[in-house]
$ cat coords.cif   # mmCIF, N, CA and C atoms
data_protein
#
loop_
_atom_site.group_PDB
_atom_site.id
_atom_site.type_symbol
_atom_site.label_atom_id
_atom_site.label_comp_id
_atom_site.auth_asym_id
_atom_site.auth_seq_id
_atom_site.Cartn_x
_atom_site.Cartn_y
_atom_site.Cartn_z
ATOM 1 N N MET W 1 79.454 60.339 135.227
ATOM 2 C CA MET W 1 78.371 61.289 135.103
ATOM 3 C C MET W 1 77.120 60.599 134.574
ATOM 4 N N LEU W 2 77.268 59.715 133.596
ATOM 5 C CA LEU W 2 76.104 59.033 133.052
ATOM 6 C C LEU W 2 75.456 58.109 134.070
ATOM 7 N N ALA W 3 76.260 57.537 134.963
ATOM 8 C CA ALA W 3 75.723 56.621 135.965
ATOM 9 C C ALA W 3 74.809 57.345 136.933
ATOM 10 N N GLU W 4 75.015 58.644 137.138
ATOM 11 C CA GLU W 4 74.213 59.411 138.077
ATOM 12 C C GLU W 4 72.961 60.005 137.438
ATOM 13 N N ALA W 5 72.825 59.892 136.133
ATOM 14 C CA ALA W 5 71.694 60.505 135.444
ATOM 15 C C ALA W 5 70.395 59.806 135.824
ATOM 16 N N PRO W 6 69.339 60.587 136.076
ATOM 17 C CA PRO W 6 68.058 59.967 136.425
ATOM 18 C C PRO W 6 67.399 59.357 135.198
ATOM 19 N N GLY W 7 66.816 58.200 135.365
ATOM 20 C CA GLY W 7 66.109 57.550 134.266
ATOM 21 C C GLY W 7 67.052 56.857 133.299
ATOM 22 N N ARG W 8 66.455 56.286 132.277
ATOM 23 C CA ARG W 8 67.221 55.552 131.272
ATOM 24 C C ARG W 8 67.692 56.497 130.182
ATOM 25 N N ILE W 9 68.944 56.373 129.795
ATOM 26 C CA ILE W 9 69.508 57.185 128.726
ATOM 27 C C ILE W 9 69.413 56.369 127.442
ATOM 28 N N ARG W 10 68.784 56.940 126.427
ATOM 29 C CA ARG W 10 68.623 56.223 125.168
ATOM 30 C C ARG W 10 69.615 56.668 124.107
ATOM 31 N N ARG W 11 69.975 57.966 124.109
ATOM 32 C CA ARG W 11 70.884 58.500 123.100
ATOM 33 C C ARG W 11 71.861 59.466 123.757
ATOM 34 N N LEU W 12 73.079 59.520 123.208
ATOM 35 C CA LEU W 12 74.081 60.479 123.653
ATOM 36 C C LEU W 12 74.552 61.244 122.431
ATOM 37 N N THR W 13 74.361 62.550 122.456
ATOM 38 C CA THR W 13 74.785 63.402 121.354
ATOM 39 C C THR W 13 76.058 64.124 121.749
ATOM 40 N N ALA W 14 77.069 64.062 120.895
ATOM 41 C CA ALA W 14 78.339 64.732 121.165
ATOM 42 C C ALA W 14 78.943 65.182 119.838
ATOM 43 N N ASP W 15 79.938 66.048 119.921
ATOM 44 C CA ASP W 15 80.570 66.520 118.702
ATOM 45 C C ASP W 15 81.728 65.611 118.293
ATOM 46 N N LYS W 16 82.424 65.989 117.237
ATOM 47 C CA LYS W 16 83.479 65.145 116.670
ATOM 48 C C LYS W 16 84.634 64.893 117.628
ATOM 49 N N GLY W 17 84.787 65.731 118.626
ATOM 50 C CA GLY W 17 85.863 65.547 119.597
ATOM 51 C C GLY W 17 85.716 64.270 120.402
ATOM 52 N N TYR W 18 84.515 63.721 120.458
ATOM 53 C CA TYR W 18 84.251 62.497 121.204
ATOM 54 C C TYR W 18 84.191 61.272 120.300
ATOM 55 N N ASP W 19 84.697 61.393 119.095
ATOM 56 C CA ASP W 19 84.708 60.282 118.148
ATOM 57 C C ASP W 19 85.813 59.298 118.522
ATOM 58 N N ALA W 20 85.434 58.242 119.238
ATOM 59 C CA ALA W 20 86.389 57.202 119.625
ATOM 60 C C ALA W 20 85.664 55.861 119.605
ATOM 61 N N ASP W 21 86.321 54.857 119.067
ATOM 62 C CA ASP W 21 85.704 53.537 118.975
ATOM 63 C C ASP W 21 85.387 52.961 120.353
ATOM 64 N N TRP W 22 86.280 53.176 121.332
ATOM 65 C CA TRP W 22 86.037 52.630 122.675
ATOM 66 C C TRP W 22 84.804 53.266 123.310
ATOM 67 N N LEU W 23 84.578 54.548 123.045
ATOM 68 C CA LEU W 23 83.406 55.220 123.601
ATOM 69 C C LEU W 23 82.125 54.695 122.956
ATOM 70 N N ARG W 24 82.159 54.535 121.637
ATOM 71 C CA ARG W 24 80.987 53.999 120.933
ATOM 72 C C ARG W 24 80.658 52.584 121.414
ATOM 73 N N THR W 25 81.679 51.758 121.599
ATOM 74 C CA THR W 25 81.480 50.387 122.067
ATOM 75 C C THR W 25 80.893 50.384 123.466
ATOM 76 N N ASP W 26 81.439 51.212 124.330
ATOM 77 C CA ASP W 26 80.960 51.295 125.706
ATOM 78 C C ASP W 26 79.496 51.745 125.758
ATOM 79 N N LEU W 27 79.140 52.719 124.937
ATOM 80 C CA LEU W 27 77.756 53.204 124.908
ATOM 81 C C LEU W 27 76.810 52.125 124.398
ATOM 82 N N ARG W 28 77.211 51.427 123.352
ATOM 83 C CA ARG W 28 76.341 50.376 122.800
ATOM 84 C C ARG W 28 76.150 49.218 123.776
ATOM 85 N N GLU W 29 77.172 48.915 124.573
ATOM 86 C CA GLU W 29 77.034 47.872 125.592
ATOM 87 C C GLU W 29 75.993 48.254 126.638
ATOM 88 N N LYS W 30 75.819 49.548 126.857
ATOM 89 C CA LYS W 30 74.836 50.035 127.829
ATOM 90 C C LYS W 30 73.504 50.377 127.168
ATOM 91 N N ASP W 31 73.309 49.943 125.912
ATOM 92 C CA ASP W 31 72.091 50.201 125.132
ATOM 93 C C ASP W 31 71.825 51.688 124.939
ATOM 94 N N ILE W 32 72.897 52.445 124.710
ATOM 95 C CA ILE W 32 72.782 53.869 124.429
ATOM 96 C C ILE W 32 73.228 54.078 122.984
ATOM 97 N N THR W 33 72.408 54.776 122.205
ATOM 98 C CA THR W 33 72.742 55.035 120.815
ATOM 99 C C THR W 33 73.622 56.270 120.721
ATOM 100 N N PRO W 34 74.853 56.134 120.229
ATOM 101 C CA PRO W 34 75.709 57.310 120.091
ATOM 102 C C PRO W 34 75.339 58.114 118.842
ATOM 103 N N ILE W 35 75.169 59.405 119.012
ATOM 104 C CA ILE W 35 74.925 60.304 117.883
ATOM 105 C C ILE W 35 76.147 61.216 117.813
ATOM 106 N N ILE W 36 77.229 60.656 117.280
ATOM 107 C CA ILE W 36 78.515 61.344 117.219
ATOM 108 C C ILE W 36 79.036 61.218 115.793
ATOM 109 N N PRO W 37 79.200 62.318 115.080
ATOM 110 C CA PRO W 37 79.756 62.214 113.729
ATOM 111 C C PRO W 37 81.233 61.830 113.782
ATOM 112 N N GLY W 38 81.687 61.148 112.765
ATOM 113 C CA GLY W 38 83.085 60.743 112.708
ATOM 114 C C GLY W 38 83.988 61.901 112.288
ATOM 115 N N LYS W 39 85.228 61.825 112.700
ATOM 116 C CA LYS W 39 86.200 62.836 112.282
ATOM 117 C C LYS W 39 86.487 62.696 110.793
ATOM 118 N N ARG W 40 86.955 63.748 110.212
ATOM 119 C CA ARG W 40 87.181 63.761 108.767
ATOM 120 C C ARG W 40 88.239 62.752 108.333
ATOM 121 N N GLY W 41 89.267 62.533 109.132
ATOM 122 C CA GLY W 41 90.362 61.651 108.755
ATOM 123 C C GLY W 41 90.103 60.174 108.993
ATOM 124 N N ARG W 42 88.917 59.804 109.405
ATOM 125 C CA ARG W 42 88.591 58.410 109.688
ATOM 126 C C ARG W 42 88.631 57.572 108.415
ATOM 127 N N LYS W 43 89.200 56.378 108.499
ATOM 128 C CA LYS W 43 89.264 55.504 107.325
ATOM 129 C C LYS W 43 87.893 54.929 106.994
ATOM 130 N N ARG W 44 87.165 54.547 108.031
ATOM 131 C CA ARG W 44 85.832 53.995 107.834
ATOM 132 C C ARG W 44 84.815 55.045 108.279
ATOM 133 N N LYS W 45 83.934 55.440 107.381
ATOM 134 C CA LYS W 45 82.958 56.485 107.677
ATOM 135 C C LYS W 45 81.961 56.002 108.732
ATOM 136 N N ILE W 46 81.553 56.919 109.586
ATOM 137 C CA ILE W 46 80.589 56.634 110.647
ATOM 138 C C ILE W 46 79.251 57.245 110.270
ATOM 139 N N ARG W 47 78.204 56.464 110.393
ATOM 140 C CA ARG W 47 76.855 56.974 110.143
ATOM 141 C C ARG W 47 76.274 57.465 111.460
ATOM 142 N N HIS W 48 75.572 58.584 111.414
ATOM 143 C CA HIS W 48 74.904 59.125 112.594
ATOM 144 C C HIS W 48 73.589 59.775 112.162
ATOM 145 N N ASP W 49 72.709 59.985 113.112
ATOM 146 C CA ASP W 49 71.400 60.576 112.849
ATOM 147 C C ASP W 49 71.570 62.092 112.723
ATOM 148 N N LYS W 50 71.588 62.591 111.508
ATOM 149 C CA LYS W 50 71.847 64.010 111.271
ATOM 150 C C LYS W 50 70.744 64.900 111.829
ATOM 151 N N ARG W 51 69.509 64.423 111.784
ATOM 152 C CA ARG W 51 68.393 65.217 112.305
ATOM 153 C C ARG W 51 68.533 65.431 113.799
ATOM 154 N N ARG W 52 68.851 64.390 114.536
ATOM 155 C CA ARG W 52 69.025 64.524 115.991
ATOM 156 C C ARG W 52 70.282 65.320 116.330
ATOM 157 N N TYR W 53 71.331 65.151 115.546
ATOM 158 C CA TYR W 53 72.570 65.880 115.811
ATOM 159 C C TYR W 53 72.368 67.391 115.646
ATOM 160 N N ARG W 54 71.521 67.775 114.706
ATOM 161 C CA ARG W 54 71.251 69.192 114.480
ATOM 162 C C ARG W 54 70.595 69.861 115.684
ATOM 163 N N GLU W 55 69.914 69.092 116.517
ATOM 164 C CA GLU W 55 69.254 69.643 117.703
ATOM 165 C C GLU W 55 70.232 69.912 118.847
ATOM 166 N N ARG W 56 71.510 69.565 118.677
ATOM 167 C CA ARG W 56 72.516 69.760 119.714
ATOM 168 C C ARG W 56 72.726 71.234 120.048
ATOM 169 N N TRP W 57 72.379 72.119 119.149
ATOM 170 C CA TRP W 57 72.577 73.548 119.379
ATOM 171 C C TRP W 57 71.807 74.038 120.596
ATOM 172 N N ARG W 58 70.686 73.400 120.908
ATOM 173 C CA ARG W 58 69.893 73.826 122.078
ATOM 174 C C ARG W 58 70.689 73.675 123.365
ATOM 175 N N ILE W 59 71.402 72.573 123.475
ATOM 176 C CA ILE W 59 72.212 72.341 124.672
ATOM 177 C C ILE W 59 73.368 73.335 124.709
ATOM 178 N N GLU W 60 74.018 73.547 123.563
ATOM 179 C CA GLU W 60 75.116 74.507 123.487
ATOM 180 C C GLU W 60 74.643 75.912 123.856
ATOM 181 N N ALA W 61 73.485 76.301 123.348
ATOM 182 C CA ALA W 61 72.952 77.635 123.635
ATOM 183 C C ALA W 61 72.630 77.796 125.126
ATOM 184 N N THR W 62 72.138 76.736 125.749
ATOM 185 C CA THR W 62 71.830 76.789 127.178
ATOM 186 C C THR W 62 73.099 77.005 127.991
ATOM 187 N N PHE W 63 74.147 76.238 127.709
ATOM 188 C CA PHE W 63 75.397 76.412 128.441
ATOM 189 C C PHE W 63 76.022 77.778 128.182
ATOM 190 N N ASN W 64 75.941 78.255 126.951
ATOM 191 C CA ASN W 64 76.474 79.582 126.651
ATOM 192 C C ASN W 64 75.730 80.664 127.421
ATOM 193 N N ARG W 65 74.429 80.514 127.560
ATOM 194 C CA ARG W 65 73.632 81.492 128.320
ATOM 195 C C ARG W 65 73.996 81.444 129.795
ATOM 196 N N LEU W 66 74.195 80.257 130.339
ATOM 197 C CA LEU W 66 74.566 80.137 131.750
ATOM 198 C C LEU W 66 75.941 80.752 132.014
ATOM 199 N N GLU W 67 76.844 80.626 131.047
ATOM 200 C CA GLU W 67 78.187 81.157 131.248
ATOM 201 C C GLU W 67 78.270 82.665 131.058
ATOM 202 N N ASP W 68 77.163 83.315 130.725
ATOM 203 C CA ASP W 68 77.131 84.776 130.722
ATOM 204 C C ASP W 68 77.278 85.314 132.142
ATOM 205 N N PHE W 69 76.974 84.502 133.117
ATOM 206 C CA PHE W 69 77.089 84.892 134.513
ATOM 207 C C PHE W 69 78.497 84.531 134.989
ATOM 208 N N ARG W 70 79.209 85.521 135.476
ATOM 209 C CA ARG W 70 80.625 85.362 135.813
ATOM 210 C C ARG W 70 80.870 84.265 136.841
ATOM 211 N N ARG W 71 80.011 84.160 137.815
ATOM 212 C CA ARG W 71 80.212 83.166 138.879
ATOM 213 C C ARG W 71 80.186 81.745 138.320
ATOM 214 N N ILE W 72 79.346 81.520 137.340
ATOM 215 C CA ILE W 72 79.240 80.186 136.739
ATOM 216 C C ILE W 72 80.446 79.932 135.832
ATOM 217 N N ALA W 73 80.812 80.913 135.028
ATOM 218 C CA ALA W 73 81.901 80.732 134.060
ATOM 219 C C ALA W 73 83.247 80.510 134.744
ATOM 220 N N THR W 74 83.481 81.160 135.885
ATOM 221 C CA THR W 74 84.785 81.061 136.539
ATOM 222 C C THR W 74 84.835 80.015 137.641
ATOM 223 N N ARG W 75 83.692 79.488 138.053
ATOM 224 C CA ARG W 75 83.613 78.428 139.065
ATOM 225 C C ARG W 75 84.346 78.805 140.352
ATOM 226 N N TYR W 76 83.906 79.908 140.945
ATOM 227 C CA TYR W 76 84.521 80.376 142.187
ATOM 228 C C TYR W 76 84.257 79.458 143.371
ATOM 229 N N ASP W 77 83.163 78.741 143.362
ATOM 230 C CA ASP W 77 82.777 77.933 144.519
ATOM 231 C C ASP W 77 83.728 76.765 144.730
ATOM 232 N N LYS W 78 84.027 76.487 145.983
ATOM 233 C CA LYS W 78 84.911 75.366 146.307
ATOM 234 C C LYS W 78 84.151 74.049 146.348
ATOM 235 N N LEU W 79 82.910 74.092 146.802
ATOM 236 C CA LEU W 79 82.130 72.866 146.944
ATOM 237 C C LEU W 79 81.204 72.668 145.746
ATOM 238 N N ALA W 80 81.082 71.423 145.321
ATOM 239 C CA ALA W 80 80.232 71.100 144.172
ATOM 240 C C ALA W 80 78.780 71.453 144.451
ATOM 241 N N ARG W 81 78.316 71.251 145.676
ATOM 242 C CA ARG W 81 76.903 71.538 145.976
ATOM 243 C C ARG W 81 76.615 73.033 145.868
ATOM 244 N N ASN W 82 77.575 73.863 146.225
ATOM 245 C CA ASN W 82 77.390 75.309 146.074
ATOM 246 C C ASN W 82 77.357 75.709 144.607
ATOM 247 N N TYR W 83 78.202 75.083 143.814
ATOM 248 C CA TYR W 83 78.229 75.379 142.378
ATOM 249 C C TYR W 83 76.922 74.956 141.709
ATOM 250 N N VAL W 84 76.435 73.779 142.052
ATOM 251 C CA VAL W 84 75.177 73.298 141.475
ATOM 252 C C VAL W 84 74.023 74.202 141.897
ATOM 253 N N SER W 85 74.044 74.660 143.120
ATOM 254 C CA SER W 85 73.008 75.589 143.588
ATOM 255 C C SER W 85 73.063 76.895 142.802
ATOM 256 N N ALA W 86 74.269 77.389 142.545
ATOM 257 C CA ALA W 86 74.418 78.617 141.768
ATOM 258 C C ALA W 86 73.928 78.415 140.336
ATOM 259 N N VAL W 87 74.224 77.267 139.748
ATOM 260 C CA VAL W 87 73.746 76.970 138.392
ATOM 261 C C VAL W 87 72.224 76.941 138.359
ATOM 262 N N ALA W 88 71.613 76.320 139.357
ATOM 263 C CA ALA W 88 70.147 76.267 139.417
ATOM 264 C C ALA W 88 69.560 77.668 139.543
ATOM 265 N N LEU W 89 70.142 78.493 140.391
ATOM 266 C CA LEU W 89 69.655 79.855 140.576
ATOM 267 C C LEU W 89 69.811 80.682 139.300
ATOM 268 N N VAL W 90 70.958 80.571 138.651
ATOM 269 C CA VAL W 90 71.199 81.302 137.411
ATOM 270 C C VAL W 90 70.259 80.818 136.312
ATOM 271 N N ALA W 91 69.994 79.520 136.271
ATOM 272 C CA ALA W 91 69.077 78.984 135.265
ATOM 273 C C ALA W 91 67.682 79.578 135.427
ATOM 274 N N VAL W 92 67.247 79.697 136.656
ATOM 275 C CA VAL W 92 65.935 80.299 136.913
ATOM 276 C C VAL W 92 65.943 81.758 136.458
ATOM 277 N N ILE W 93 66.969 82.489 136.815
ATOM 278 C CA ILE W 93 67.043 83.907 136.440
ATOM 279 C C ILE W 93 67.160 84.061 134.929
ATOM 280 N N ALA W 94 68.012 83.272 134.300
ATOM 281 C CA ALA W 94 68.275 83.415 132.863
ATOM 282 C C ALA W 94 67.078 83.040 131.999
ATOM 283 N N PHE W 95 66.350 82.036 132.397
ATOM 284 C CA PHE W 95 65.281 81.535 131.520
ATOM 285 C C PHE W 95 63.886 81.933 131.969
ATOM 286 N N TRP W 96 63.775 82.521 133.146
ATOM 287 C CA TRP W 96 62.458 82.982 133.594
ATOM 288 C C TRP W 96 62.197 84.382 133.074
ATOM 289 N N CYS W 97 63.232 85.200 133.096
ATOM 290 C CA CYS W 97 63.074 86.616 132.714
ATOM 291 C C CYS W 97 63.129 86.815 131.227
#
$ encode --input "coords.cif" --output "C-alpha cells"
Amino acid sequence: MLAEAPGRIRRLTADKGYDADWLRTDLREKDITPIIPGKRGRKRKIRHDKRRYRERWRIEATFNRLEDFRRIATRYDKLARNYVSAVALVAVIAFWC
C-alpha cells in the first residue's frame, strides 16, 4: 500500500497494535519516521512524537464517518475499482453536506 502512495512519505502514524521492531526498521530504511507508541509491556521504552500522534484522531474520525454508509462498511462490491469509486462518492456526500 505504501509503494502505491503518491509522493514521498515522511511519517507514518499508527497505534500500539503496529508496534514491531521489524516494521520500525523497515520504515527507517525507507526514510520514513514512525510515529508509533510502544506497547506497555515493552522492555525498552519507545520514544514517539506525542504532538503528531495526537492528530491521528482526524484520520480515525474520517474512516468512522465513511463507515456510517452501509455499502462502505460491508464492502458489497466485488471489484476494488467499484469499492474505491463508492468511497469517493460517499466522501463527497459526507463531507460536502
$ select_by_dssp --input "coords.cif" --residues "chain W" --states "helix (DSSP H, G or I)" --output "ChimeraX atom specification"
/W:2-4,16-18,21-29,50-54,57-66,70-74,80-96
$ axis_aligned_box --input "coords.cif" --around "segment 5-23 of chain W" --padding-each-side "3 Å" --output "AutoDock Vina command-line options"
--center_x 76.2 --center_y 59.6 --center_z 126.5 --size_x 26.3 --size_y 19.9 --size_z 25.8
$ closest_residue --input "coords.cif" --among "W:Ala86, W:Ile93, W:Ile32, W:Ile72" --to "Leu12 of chain W" --atoms "only N, CA and C atoms"
W:Ile32
$ atom_distance --input "coords.cif" --atom1 "atom N of Tyr83 of chain W" --atom2 "atom C of Ile9 of chain W"
26.4 Å
$ resolve_selection --input "coords.cif" --expression "the PyMOL selection byres ((chain W and resi 19) around 6)" --output "list in words"
Asp15, Lys16, Gly17, Tyr18, Ala20, Asp21, Pro37, Gly38 and Lys39 of chain W
$ closest_residue --input "coords.cif" --among "W:Ile36, W:Arg11, W:Val90, W:Asp31" --to "Leu66 of chain W" --atoms "only N, CA and C atoms"
W:Val90
$ atom_distance --input "coords.cif" --atom1 "atom N of Ala73 of chain W" --atom2 "atom CA of Thr13 of chain W"
23.0 Å
$ select_by_dssp --input "coords.cif" --residues "chain W" --states "strand (DSSP E or B)" --output "PyMOL selection string"
chain W and resi 11-13+33-35
$ atom_distance --input "coords.cif" --atom1 "atom CA of Arg70 of chain W" --atom2 "atom CA of Val87 of chain W"
11.2 Å
$ residues_around --input "coords.cif" --residues "segment 52-65 of chain W" --least-positions-apart "2" --cutoff "8 Å" --atoms "only N, CA and C atoms" --output "list in words"
Thr13, Ala14, Ile35, Ile36, Pro37, His48, Asp49, Lys50, Glu67, Asp68, Phe69, Val90, Ala91 and Ala94 of chain W
$ closest_residue --input "coords.cif" --among "W:Arg71, W:Arg10, W:Lys78, W:Arg24" --to "Arg47 of chain W" --atoms "only C-alpha atoms"
W:Arg24
